[in-house]
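Take a look at the structure set out below.
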Amino acid sequence: MVEGPGVGRSTGGARQLRPSRRPRPPGVPVTETVPHQAIYRRWRAQTFSQIVGQEAVVETLRNAVRTGRVAHAVLFVGPRGTGKTSLARILAKALNCTNLQDGDPCDACPSCVAIREGRAMDLLEIDAASNRGIDAIRDLRERINYAPTDLRRKVYILDEAHQITRDAWNALLKSLEEPPEFVVFMFASTHPQDFPPAILSRLQRFDVRRLTTDEIEGKLRRILEADGRTAEAGAVRLIARLAAGGMRDAESMLDQLLSSSVDHLDEARVRDLLGLADADTIDAFVAALVAADLVAGVRLLDGLEDRGRDLRAFLDQVIEVVRGGLVGAARGDGAVGHGVTELVPVARRLAAIDPNRAGVGGLRLQLEIALFPGPAPATVEPAVRVRAGAPEPDPVRAAIQAPPSSTPTPPANPASDVPPSPDISSGPGGEVRARPRARTAAVAAEPAIAPAARSPAESPASTPDEPAASPSPPTVPIGAPGGADLTLLRERWPEVVARISVHPPTKPLIAVCRPIAVEDGIVTLGFPEDQGFLRDVAERRRSVLEDGIAAVLGRPVGVRCVATNLDLVPPLPSDADAAFILAEARRIFGGDDADAAPVD
């Protein structure tokens with residue numbers, strides 16, 4: 001028989017497998033044959049005193065170990081990379097350590113060494129993401145009754161426990177409620193809200209917080225010093241900020257950077273290796289946003305894509321710079337490059353960007369659109385609030401509490417006060433109808449920023465129900481909320497109701513809403529809070545509302561629909577004056593009372 005490598009023959013003739021060893025080249029130290037171990041594994045905390053941050057959790061666990069009051073089921077909750085599993089392992093050490101040091105494991109006794117090296121048979125770490133079904137939990141439930149062999153306590157650590165199925169939780173419920181006295185369950189999760197309430201009520205919960213930038217930076221410096229490397233303060237600070245409170249993410253990034261051949265890390269190299277834009281590019285793009293310089297902004301975006309930079313990371317960097325400018329201006333720092341009045345519109349346009357939006361151009365197109373001046377579209381605001389997690393502001397309180405302006409705001413362009421003449425087209429049966437021209441975008445409040453006109457393709461298609469154009473009434477200036485412009489709009493609101501009520505689909509919408517604010521060419525219409533579905537319908541038919549209000553005000557406007565408490569809004573001067581509304585309808589459209597439907 002031919003014997004291969006590692007295969008021999010015993011004296012009895014039976015084949016035996018022998019471990020094959022590849023000879024080590026001469027002159028190579030033994031330490032160099034050990035494979036590389038990631039920094040976050042080499043620097044994993046082994047005792048409570050080595051845990052960075054989490055002082056409240058650490059002190060509570062130490063006291064519980066000292067007094068022997070450790071719960072039989074513990075839950076560690078927090079973001080990824082903040083030390084949940086490390087705390088569970090250290091607690092398992094402390095429960096089995098034979099030489100405790102003031103509630104801290106010694107990390108030198110046989111039990112601590114076995115747990116550290118992964119040789120402890122009575123410590124079972126289970127990935128709940130892979131063992132989430134009822135069969136795996138039933139197998140675990142059958143084995144927990146066996147007494148520990150090496151350690152004093154048998155510890156089960158279930159990571160990502162929120163992925164366990166509901167049937168599996170039900171199978172574990174009784175064992176979790178009354179386990180054997182030598183068994184301790186430890187769960188780690190980033191989504192505690194996915195736990196069944198019956199399970200949460202049986203667990204002792206510890207919330208692990210995100211680490212601060214200073215805490216992460218301090219440990220990174222200790223790692224660099226131990227590794228014999230040096231780094232600029234800005235480079236270490238940048239890594240700590242990018243980690244977003246997760247120590248494991250910071251250590252993984254540092255491990256990647258230390259894999260390069262350089263012994264000294266500077267901020268420029270960190271940005272280059274991590275695919276980040278340099279500070280000059282970010283400042284230049286912020287300046288382009290402030291100045292609405294489309295040419296310069298597109299040139300910068302082209303350069304970023306040519307260098308293979310990630311636009312998502314670039315957007316985060318730009319938002320961080322704009323936020324820093326606003327915070328610095330609020331604190332009164334003198335080093336802020338732009339004023340608050342310049343940065344606030346930029347921040348609003350950046351907040352309207354959805355990085356996950358699909359379509360032609362994707363994020364690149366949204367960054368280019370942000371270079372144009374003007375307020376963000378009203379249709380984007382709900383998505384922004386959901387993504388940011390911020391509550392929706394109440395425009396009614398803002399409109400009532402805002403001081404009224406003494407004089408109307410003059411229009412940005414005097415020529416825009418003259419409404420365009422309507423196009424004449426032939427309707428059905430040869431009837432001549434007036435078709436309104438395409439509306440333009442809302443005029444910006446600051447005269448230094450020119451308004452962007454809406455293309456004819458964006459204007460709503462004319463329908464046979466649209467009324468003929470009437471002579472333009474006097475222009476109503478659009479200014480601050482709650483000022484003279486809102487007062488004039490409220491006074492002429494019956495005319496708006498009469499004009500829009502001729503469209504049956506929009507008649508119930510205009511009957512229940514009220515104007516509550518006018519700002520930067522945007523009219524905010526408030527709908528009752530208990531009739532939010534009407535607000536949604538109004539959003540879809542916003543073009544009809546904009547046409548009706550623009551025809552009365554004599555200038556193009558945008559419409560924003562919100563659900564709010566209308567009890568805070570003062571009653572309209574002519575809310576109940578149906579005769580006035582009918583008279584306005586007859587004056588605008590002609591006809592008699594039989595042709596005019598009453599406004600509900």
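Starting from 1 in every chain, residues are counted up; chains themselves are A, B, ... following the order of the structure tokens, and ligands are numbered from 1 as listed.
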Those of region 109-338 of chain A in DSSP strand (DSSP E), formatted as a list in words: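 Secondary structure check on region 109-338 of chain A, strand (DSSP E): Leu123, Leu124, Glu125, Ile126, Asp127, Lys154, Val155, Tyr156, Ile157, Leu158, Asp159, Val183, Val184, Phe185, Met186, Phe187, Ala188, Ser189, Gln204, Arg205, Phe206, Asp207, Thr230, Ala231, His264 and Leu265 of chain A.
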Shell of 9 Å around Arg542 (chain A), only C-alpha atoms, local chain residues under 6 positions omitted, as a PyMOL selection string: chain A and resi 558-561
What does the file look like for those residues with C-alpha atoms, as a PDB file, in the first residue's frame?
ATOM      1  CA  GLY A 558     -46.296  76.685  -3.430  1.00  0.00           C
ATOM      2  CA  VAL A 559     -48.577  74.809  -1.052  1.00  0.00           C
ATOM      3  CA  ARG A 560     -47.594  72.738   1.981  1.00  0.00           C
ATOM      4  CA  CYS A 561     -50.259  70.629   3.704  1.00  0.00           C
TER       5      CYS A 561
END
Residue contacts of Glu232 (chain A) (12 Å, only C-alpha atoms) excluding same-chain residues fewer than 2 positions away, as a PyMOL selection string: chain A and resi 217+220-221+224+229-230+234-239+263-270
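Nearest-residue note for Leu367 (chain A): choosing from A:Val318, A:Val544, A:Ile157, A:Val77, the minimum distance belongs to A:Val318, counting only C-alpha atoms.
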Polymer residues at most 8 Å from region 279-284 of chain A, only C-alpha atoms, same-chain spacing of 5 or more positions, as a list in words: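 So the residues in contact are Leu300, Phe314, Gln317, Val318 and Val321 of chain A.
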Best match for closeness to Leu289 (chain A) among A:Pro494, A:Pro148, A:Gly228, A:Pro345, counting only C-alpha atoms: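 Residue with the minimum atom-to-atom distance to Leu289 (chain A): A:Pro345.
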Who sits within 12 Å of Arg540 (chain A), only C-alpha atoms, same chain under 2 positions skipped, as a list in words: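 These residues fall inside the cut-off: Ala378, Thr379, Pro460, Pro505, Thr506, Leu509, Phe533, Leu534, Arg535, Asp536, Val537, Ala538, Arg542, Ser543, Val544, Leu545, Glu546, Val559, Arg560 and Cys561 of chain A.
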Would you export the selected residues with C-alpha atoms as a tab-separated table (two decimals), in the first residue's frame, please?
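Final output, out_37.tsv:
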chain	number	residue	atom	x	y	z
A	378	ALA	CA	-42.66	69.99	0.58
A	379	THR	CA	-42.97	66.40	-0.58
A	460	PRO	CA	-50.02	69.95	-14.47
A	505	PRO	CA	-62.40	66.39	-6.09
A	506	THR	CA	-60.91	69.38	-4.27
A	509	LEU	CA	-60.34	69.64	0.81
A	533	PHE	CA	-56.32	61.32	5.08
A	534	LEU	CA	-57.60	64.61	3.63
A	535	ARG	CA	-54.12	66.05	4.07
A	536	ASP	CA	-52.72	63.12	2.08
A	537	VAL	CA	-55.27	63.66	-0.70
A	538	ALA	CA	-54.45	67.37	-0.74
A	542	ARG	CA	-51.49	70.20	-4.58
A	543	SER	CA	-51.29	71.65	-8.09
A	544	VAL	CA	-55.01	72.56	-8.11
A	545	LEU	CA	-54.66	74.28	-4.73
A	546	GLU	CA	-51.59	76.17	-5.93
A	559	VAL	CA	-48.58	74.81	-1.05
A	560	ARG	CA	-47.59	72.74	1.98
A	561	CYS	CA	-50.26	70.63	3.70
Non-local contacts of Val57 (chain A) (9 Å; only C-alpha atoms; under 4 positions in same chain excluded) as a ChimeraX atom specification: /A:61-62,206-208
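In this comparison, which uses only C-alpha atoms, the residue of A:Phe187, A:Phe48, A:Phe76, A:Tyr146 approaching Ile90 (chain A) most closely is A:Phe48.
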Atomic distance CA of Pro79 (chain A) - CA of Ala171 (chain A), expressed in Å with one decimal: 27.5 Å
Nearest-residue call for Val184 (chain A), choices A:Val70, A:Leu273, A:Ile369, A:Val295, using only C-alpha atoms: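 Smallest separation from Val184 (chain A) among the options: A:Val70.
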Pick from A:Thr190, A:Ser501, A:Asn131, A:Ser260 nearest to Thr85 (chain A), counting only C-alpha atoms: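 Nearest candidate to Thr85 (chain A) out of A:Thr190, A:Ser501, A:Asn131, A:Ser260: A:Thr190.
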A:Glu539, A:Glu529, A:Asp272, A:Glu178 ranked by distance to Asp310 (chain A), top pick (using only C-alpha atoms):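 Checking each candidate against Asp310 (chain A), we get A:Asp272 as the closest.
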Residues near region 117-126 of chain A, cut-off 12 Å, only C-alpha atoms, skip fewer than 3 positions along chain, as a ChimeraX atom specification: /A:41-42,46,85-86,88-93,95-96,107-108,110-114,129-132,136-137,140,143-144,146-161,164,182-188
Only C-alpha atoms, please: the residues just picked out, written as a PDB file, in the first residue's frame.
ATOM      1  CA  ARG A  41      -9.262  40.386  19.456  1.00  0.00           C
ATOM      2  CA  ARG A  42      -5.799  41.003  20.907  1.00  0.00           C
ATOM      3  CA  GLN A  46     -10.283  40.487  30.066  1.00  0.00           C
ATOM      4  CA  THR A  85     -20.092  40.244  24.658  1.00  0.00           C
ATOM      5  CA  SER A  86     -16.897  41.236  26.484  1.00  0.00           C
ATOM      6  CA  ALA A  88     -20.689  38.758  29.398  1.00  0.00           C
ATOM      7  CA  ARG A  89     -17.388  36.858  29.196  1.00  0.00           C
ATOM      8  CA  ILE A  90     -15.852  38.823  32.058  1.00  0.00           C
ATOM      9  CA  LEU A  91     -18.945  38.192  34.172  1.00  0.00           C
ATOM     10  CA  ALA A  92     -18.632  34.470  33.391  1.00  0.00           C
ATOM     11  CA  LYS A  93     -15.012  34.647  34.569  1.00  0.00           C
ATOM     12  CA  LEU A  95     -18.646  33.778  38.545  1.00  0.00           C
ATOM     13  CA  ASN A  96     -16.047  30.998  38.251  1.00  0.00           C
ATOM     14  CA  ASP A 107      -7.452  36.313  34.810  1.00  0.00           C
ATOM     15  CA  ALA A 108      -4.749  33.934  36.095  1.00  0.00           C
ATOM     16  CA  PRO A 110      -7.266  27.837  35.783  1.00  0.00           C
ATOM     17  CA  SER A 111     -10.916  28.823  35.310  1.00  0.00           C
ATOM     18  CA  CYS A 112     -10.084  32.314  33.998  1.00  0.00           C
ATOM     19  CA  VAL A 113      -7.373  30.972  31.691  1.00  0.00           C
ATOM     20  CA  ALA A 114      -9.683  28.294  30.295  1.00  0.00           C
ATOM     21  CA  ALA A 129     -28.616  34.432  14.401  1.00  0.00           C
ATOM     22  CA  SER A 130     -27.630  30.931  13.223  1.00  0.00           C
ATOM     23  CA  ASN A 131     -29.339  28.950  16.000  1.00  0.00           C
ATOM     24  CA  ARG A 132     -32.628  30.784  16.195  1.00  0.00           C
ATOM     25  CA  ALA A 136     -31.754  24.459  18.555  1.00  0.00           C
ATOM     26  CA  ILE A 137     -33.470  25.827  21.660  1.00  0.00           C
ATOM     27  CA  LEU A 140     -30.162  23.617  24.609  1.00  0.00           C
ATOM     28  CA  ARG A 143     -28.585  19.939  28.072  1.00  0.00           C
ATOM     29  CA  ILE A 144     -28.915  22.604  30.765  1.00  0.00           C
ATOM     30  CA  TYR A 146     -26.352  18.438  33.248  1.00  0.00           C
ATOM     31  CA  ALA A 147     -24.050  19.724  35.976  1.00  0.00           C
ATOM     32  CA  PRO A 148     -20.855  21.587  34.998  1.00  0.00           C
ATOM     33  CA  THR A 149     -17.683  19.543  34.643  1.00  0.00           C
ATOM     34  CA  ASP A 150     -14.837  22.048  35.025  1.00  0.00           C
ATOM     35  CA  LEU A 151     -16.374  25.297  36.288  1.00  0.00           C
ATOM     36  CA  ARG A 152     -18.584  26.102  39.234  1.00  0.00           C
ATOM     37  CA  ARG A 153     -21.295  27.696  37.102  1.00  0.00           C
ATOM     38  CA  LYS A 154     -22.537  26.752  33.667  1.00  0.00           C
ATOM     39  CA  VAL A 155     -22.894  29.885  31.522  1.00  0.00           C
ATOM     40  CA  TYR A 156     -24.816  30.266  28.257  1.00  0.00           C
ATOM     41  CA  ILE A 157     -24.051  33.418  26.220  1.00  0.00           C
ATOM     42  CA  LEU A 158     -26.521  34.023  23.369  1.00  0.00           C
ATOM     43  CA  ASP A 159     -25.367  36.774  21.008  1.00  0.00           C
ATOM     44  CA  GLU A 160     -27.809  38.585  18.688  1.00  0.00           C
ATOM     45  CA  ALA A 161     -30.591  37.097  20.785  1.00  0.00           C
ATOM     46  CA  ILE A 164     -34.600  34.044  18.117  1.00  0.00           C
ATOM     47  CA  PHE A 182     -25.719  26.282  38.540  1.00  0.00           C
ATOM     48  CA  VAL A 183     -26.924  27.789  35.205  1.00  0.00           C
ATOM     49  CA  VAL A 184     -26.671  31.458  34.198  1.00  0.00           C
ATOM     50  CA  PHE A 185     -28.085  32.856  30.940  1.00  0.00           C
ATOM     51  CA  MET A 186     -26.535  35.935  29.341  1.00  0.00           C
ATOM     52  CA  PHE A 187     -28.068  37.598  26.288  1.00  0.00           C
ATOM     53  CA  ALA A 188     -26.562  40.311  24.073  1.00  0.00           C
TER      54      ALA A 188
END
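Pairwise distance (CA of Thr165 (chain A), CA of Ala71 (chain A)) equals 23.7 Å.
Backbone DSSP of region 90-145 of chain A yields helix (DSSP H, G or I) at Ile90, Leu91, Ala92, Lys93, Ala94, Leu95, Asn96, Pro110, Ser111, Cys112, Val113, Ala114, Ile115, Arg116, Ile134, Asp135, Ala136, Ile137, Arg138, Asp139, Leu140, Arg141, Glu142 and Arg143 of chain A.
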